[in-house]
Amino acid sequence: RRMEDLVALDEAADEAAVARALCRRHAEKAFYTAIADVAVCVNPGADSAALHSADTARRYHSQPLRSLPPHVFATVEAALASAKSFQAQCIVLQGESGSGKSEVARRIVQYLCDVTSSSTDRVVQIKRSFVEAHVVLAAFGNASTPRGIDASRFGKYCEMTFNEKTELCGGRIVAFMLDKMRVTNCPEGERNFHFLYQICKGLPAAREGSAICNQLKLTEAQQFRYLSRNGGGGNAADDNAAFEQTVGALRAIGAKDDELKAVYRIAAAVLWLGNVVGANAVNNATIEHVAKLLETEPATLQRLLSGGEREATLAEVGAAADSFASQLYAQLFEWAVWKANRAIETKAKGASLSVLDVPGFEPLKTNGLQQMCINYANEKLFRLFCETTLERPQREYQSEGLNWSSAEFYNNMPACEAIEGQGQQTGVFTLLDEVCTGNQKDAAGTFLQALKDYNTSAVSVSGSHFKIKHFVGKVKYNAGALIAGNTELLAESAAVAYLATSKNVFIAGLVQKRSVGVEGSPPATVTHAHAAKQSVGYVLSATASCTCRFVFCLRPSEALADGVCDLNYLLAQIKFLHLLDVLTMKKAGFHYSATFQQFLEKYYLCCPALCVGGKLAWDEEPSLGCAAILKQCGVSSRHYVLGSSKIFVARAKTIWQLDEIRDQFWKDMAQRIVSALRSYQQYQRECISTIQASYTQWRATAPSQDVRTTCNYLFSGKKERKRFSLTSVRHYCGDYLDANSNEALLKVISPEQQQRPSVVFSSCCYRVTEPSLLKDATLEPLIVLLTAKILLLVEDAHSAKGAAEPYVLRRQVDVRSVSWVTMSPFADPFICIHTVEDKDVLLTCDFNTELATRLYAICGVTISCTNKIEYQPKKGQRTSITFATANQKEQYILKKDVVYVASAPAATPTSPVAVLSPPPAGPSSPVRLPSSTHTTPTANGHTAQVTNGRTGWHAGSRTSSTENLLGGSSPVVPSGVTWRGGRQPLSAFPTPVATSAGTVASVQSPPLGSQAAGSAALSVGGHHSHKHATTHHRHPQRGRNRSESADVSAELRELSASSGTSSPLRNDVSQKSTMESKPGRGGRPAPLSSAMAAVAAVAHTAATLHELSVAAGDSVRVQRLAGDTQWCIAEDRHGRLGFVPLNVLHFEQAPVCRQFS
């Protein structure tokens, strides 16, 4: 059966059971297996590309550790998640040579570069530099061996730094323990470093490579001694393609063309140094060519190789040339590392994730110093693994007071101490350095004798060899090979001094790159053994400061044949890697441990009792909080233990469950944040719409604000003003008749459309005619138009028979000829416009103050307010009109040359006929208008335009429609009455709606209990009036027959049918009762009674009569029915006439009208 985690094996499992499980998974192409949090990888060989593909990377990205099958990408994701919490992580790769560690390390770096985000070009460049740096280092530091065609011959510590956005913002690469002896002493059947073959085969095929090859004298690899031991090629891949890839990678990390040419010269010099010594003599021509490549003096190189002025033997010159070649190549390798670090360096601090790859164990027939250094590094890594995975947890269990019996595992500390020494006790490396620096004749014998005297069980001497008991078993080393590898025949200082004399800037500065390398890199040392000890110690100290995650790499077989898994070979690796100890410890131990406070801070979101607003809120003992979290998540007490300061969780499944709950909390919070953000954005859009609508309304009314301000300034303290003229809801819109869209009116101004100025003011008015001896002054209905240049008085000729034009010009005044404007100090509509033409204009206009203000804004006229206006109605004739206040019901009364303005309301009438009651609840609908088209002023100064039975109300940018009371077949209770308890004035501007009288009113439902309150206020005519609504004007000398009972309905229908279109009239539609109707252009009917005259005026002017402003409890006197049984015409206690709905009346006496049954 499939076994993804070896912890699930039976309790009695041994190494053989582990090997069989791994072989079965290898046959199923499941190359990764887990032992709890330790990953085991069996080298996939040719299947590596598919195993680490981009699709696989996307599948494992941002997934929990155990949500998918075991994979190194899952280990990387777990490490990256922990690194985000600023816990430095390190992935340590262990295994023998050829197990695939370098491939896994490269795949890890590629994965991190692929799945992390990139918001800037710098991040993209750093990612590419990381990937290409591994290509460069593989070319300069990898070689083909019997264990693998791309075996790493150096150790590599790659640290990657991530910012808060999980973007790769930089890092560093530390390369150590380069097998530089391979350059001059490559074993039989193996290849040298890849780049030395690539430059021989790839450079001639490159562009401009032939000319460079002629200068370097490069031909085939077989001509060089360093590359000819395996026939010059071996089983290498295509070196031509590899050379192009290496050069591209060098350019990606910042190498310039001159640097690349210098690299070619140095590599060629290394190869030609191997040919300095011929079969019988030194090849001076080769020395001169090497000096030419390095751009130095040949004599200087000759002295360097011969050891000075003395005569050196052929063997000494050859050994010096080999030593110089290995040092020169090591300098070139260090430059490549330095160049890569320059491309990825950063000063930013953030999350750190490192990858450590050390060359694996590789026992040879003759093991020298390089094999000892590699084995020492692996021994130290295994020591680190045992300490963190096997020993430290047991000590922790015991210190926390857990019931734990110590288990004995393999301890490789004696081997580590035998190699590096411990305290005052010297080790193998120390003894080797003492022998090599003492210039002793029998250095090997002295070294072996020192080892015999070295009292340790890990080292045993046998003849010319000695053995060290490593964790993989005993390995035999040759003492002479160790001494030869640790002794530098050519002093490094001499080689550095020679290269510093080069005329090539790159070559001369090559030796300085080591001191400018990675911060904290191991310094240069005297012997190779000491250098290896320092570099391994430096890397392991950096690794020990991180949280380590281990990946064990295994070879499936000796030959690495595809699809072949050798059980015995695999079993041997399981034994020397001590994987059974790891399995035993993971089974018996606890999967997770943390301090109480750490556990609380990490998982408090899983328990609502500990989490308030996404923050930790727990004041009691931390251990109790940990237990509460686990209890809330349903974890049994058998699966965790509380120590003295830490909590230990036995199963990995428990931690996965907690992680899922915590992640779900953040997902829910993210959804709430997104929802809140969307709500806020919707609120923003609504605010924007409101602001835009308000701004649009302000743009439409902005000009009127300036006019209002100027008007208030001009008339403050000089003239009484109506309340509605001062209230904020009164818009000084100017063009009340919408003259700018009335083509017929605009033709009066100018027949040519292009020459028509804009109308800034238009309204209905009455011109006051001169009184005669027997007649009072009369009021002539006209329309006043004001532009920036002229003022016009126009007569509406719609009702005139045979009229050629709908409007006739009666008077035109040049604005520049207006000298001053005179008005009375009282609240009356009179205005006198004085001109230099000796013919003044005396008008009555409801918007007289606005007209005066606009004249002031255009031509700066003088405005005076006096109770006596002197004017010239005709040229050469001067007259005057006087204004006085009187206690009367009408707003004003014109009698000859005196205007009486009302100062106070009249007394309350007696003998009420009807008492008002609140209207019934429910919606109300308007009645229909007869089909007609004309404009008529409303009581509030707005214009009602009647078209096809509907009235459009214009004020700024607002319009509404209404229907007339007259002519409806099935009339209903119209709107227009606003009931508000307590007689309180309205505080907000009412919504414009239509009333039956063609005016605008606000419709609001009566508040609860308004009927019980016994009083309510009405809002009529577009503005709020409690007791003092604008009354209709009538002549004071004409009375009314209050007992008139004529059939009003029939007369109304007749008048409505015969009226057709009508001219706009003034508001005093209730004229004298006995006034005769002249048969003028309007085709008016015979004389009517006072009430009938009022109704006729209403019908003729398209229902300009108001609804009465009355309150509950007021008394009214019913005069006539208004054409149906739903409305009546009534008079209030002030003598004002208007419409009242019948359903709000309570009759105290029986109606006397004939229309009532």
# chains A, B, ... in the order shown; residues from 1 in each chain; ligands from 1

$ select_by_dssp --residues "region 204-332 of chain A" --states "helix (DSSP H, G or I)" --output "ChimeraX atom specification"
/A:209-216,221-223,225-227,239-252,257-273,284-294,298-306,314-332

$ select_by_dssp --residues "region 741-849 of chain A" --states "strand (DSSP E or B)" --output "PyMOL selection string"
chain A and resi 761-768+779-786+790-796+807-814+818-823+830-835+841-844

$ residues_around --residues "Cys373 (chain A)" --least-positions-apart "6" --cutoff "10 Å" --atoms "only C-alpha atoms" --output "ChimeraX atom specification"
/A:177,179,359,379,419,429,528-533,536

$ residues_around --residues "Asp706 (chain A)" --least-positions-apart "4" --cutoff "12 Å" --atoms "only C-alpha atoms" --output "VMD selection string"
chain A and resid 698 to 699 701 to 702 710 to 713 731 to 734 850 853 to 854 857

$ closest_residue --among "A:Gln684, A:Gln223, A:Ser464, A:Gln705" --to "Asp442 (chain A)" --atoms "only C-alpha atoms"
A:Ser464

$ residues_around --residues "region 771-775 of chain A" --least-positions-apart "4" --cutoff "10 Å" --atoms "only C-alpha atoms" --output "MDAnalysis selection string"
chainID A and resid 895:897

$ closest_residue --among "A:Arg58, A:Arg66, A:Lys127, A:Lys474" --to "Val115 (chain A)" --atoms "only C-alpha atoms"
A:Arg58

$ residues_around --residues "Asn341 (chain A)" --least-positions-apart "4" --cutoff "9 Å" --atoms "only C-alpha atoms" --output "tab-separated table (two decimals) with C-alpha atoms, in the first residue's frame"
chain	number	residue	atom	x	y	z
A	129	SER	CA	20.24	36.91	-11.02
A	133	ALA	CA	24.05	32.68	-10.56
A	171	GLY	CA	20.36	37.75	-0.58
A	172	ARG	CA	23.86	36.33	-0.66
A	173	ILE	CA	25.75	33.24	-1.78
A	174	VAL	CA	28.64	31.75	0.18
A	253	ILE	CA	24.61	38.91	-13.36
A	336	ALA	CA	32.20	34.59	-10.19
A	337	VAL	CA	30.81	34.30	-6.65
A	345	GLU	CA	23.05	42.20	-2.68
A	517	GLY	CA	33.35	39.70	-1.17
A	518	VAL	CA	30.38	38.73	0.93

$ closest_residue --among "A:Pro757, A:Pro64, A:Gly717, A:Pro393" --to "His591 (chain A)" --atoms "only C-alpha atoms"
A:Pro393

$ closest_residue --among "A:Asp846, A:Asp357, A:Glu558, A:Asp581" --to "Val104 (chain A)" --atoms "only C-alpha atoms"
A:Asp357

$ atom_distance --atom1 "CA of Asp47 (chain A)" --atom2 "CA of Arg128 (chain A)"
24.5 Å

$ closest_residue --among "A:Thr584, A:Asn283, A:Ser210, A:Gln681" --to "Thr389 (chain A)" --atoms "only C-alpha atoms"
A:Thr584

$ residues_around --residues "Val124 (chain A)" --least-positions-apart "3" --cutoff "10 Å" --atoms "only C-alpha atoms" --output "number ranges by chain"
A: 113, 117-121, 127-129, 167-169

$ atom_distance --atom1 "CA of Lys101 (chain A)" --atom2 "CA of Pro363 (chain A)"
17.2 Å

$ atom_distance --atom1 "CA of Tyr477 (chain A)" --atom2 "CA of Asn367 (chain A)"
5.0 Å

$ closest_residue --among "A:Arg730, A:Lys615, A:Lys29, A:Lys261" --to "Val247 (chain A)" --atoms "only C-alpha atoms"
A:Lys261
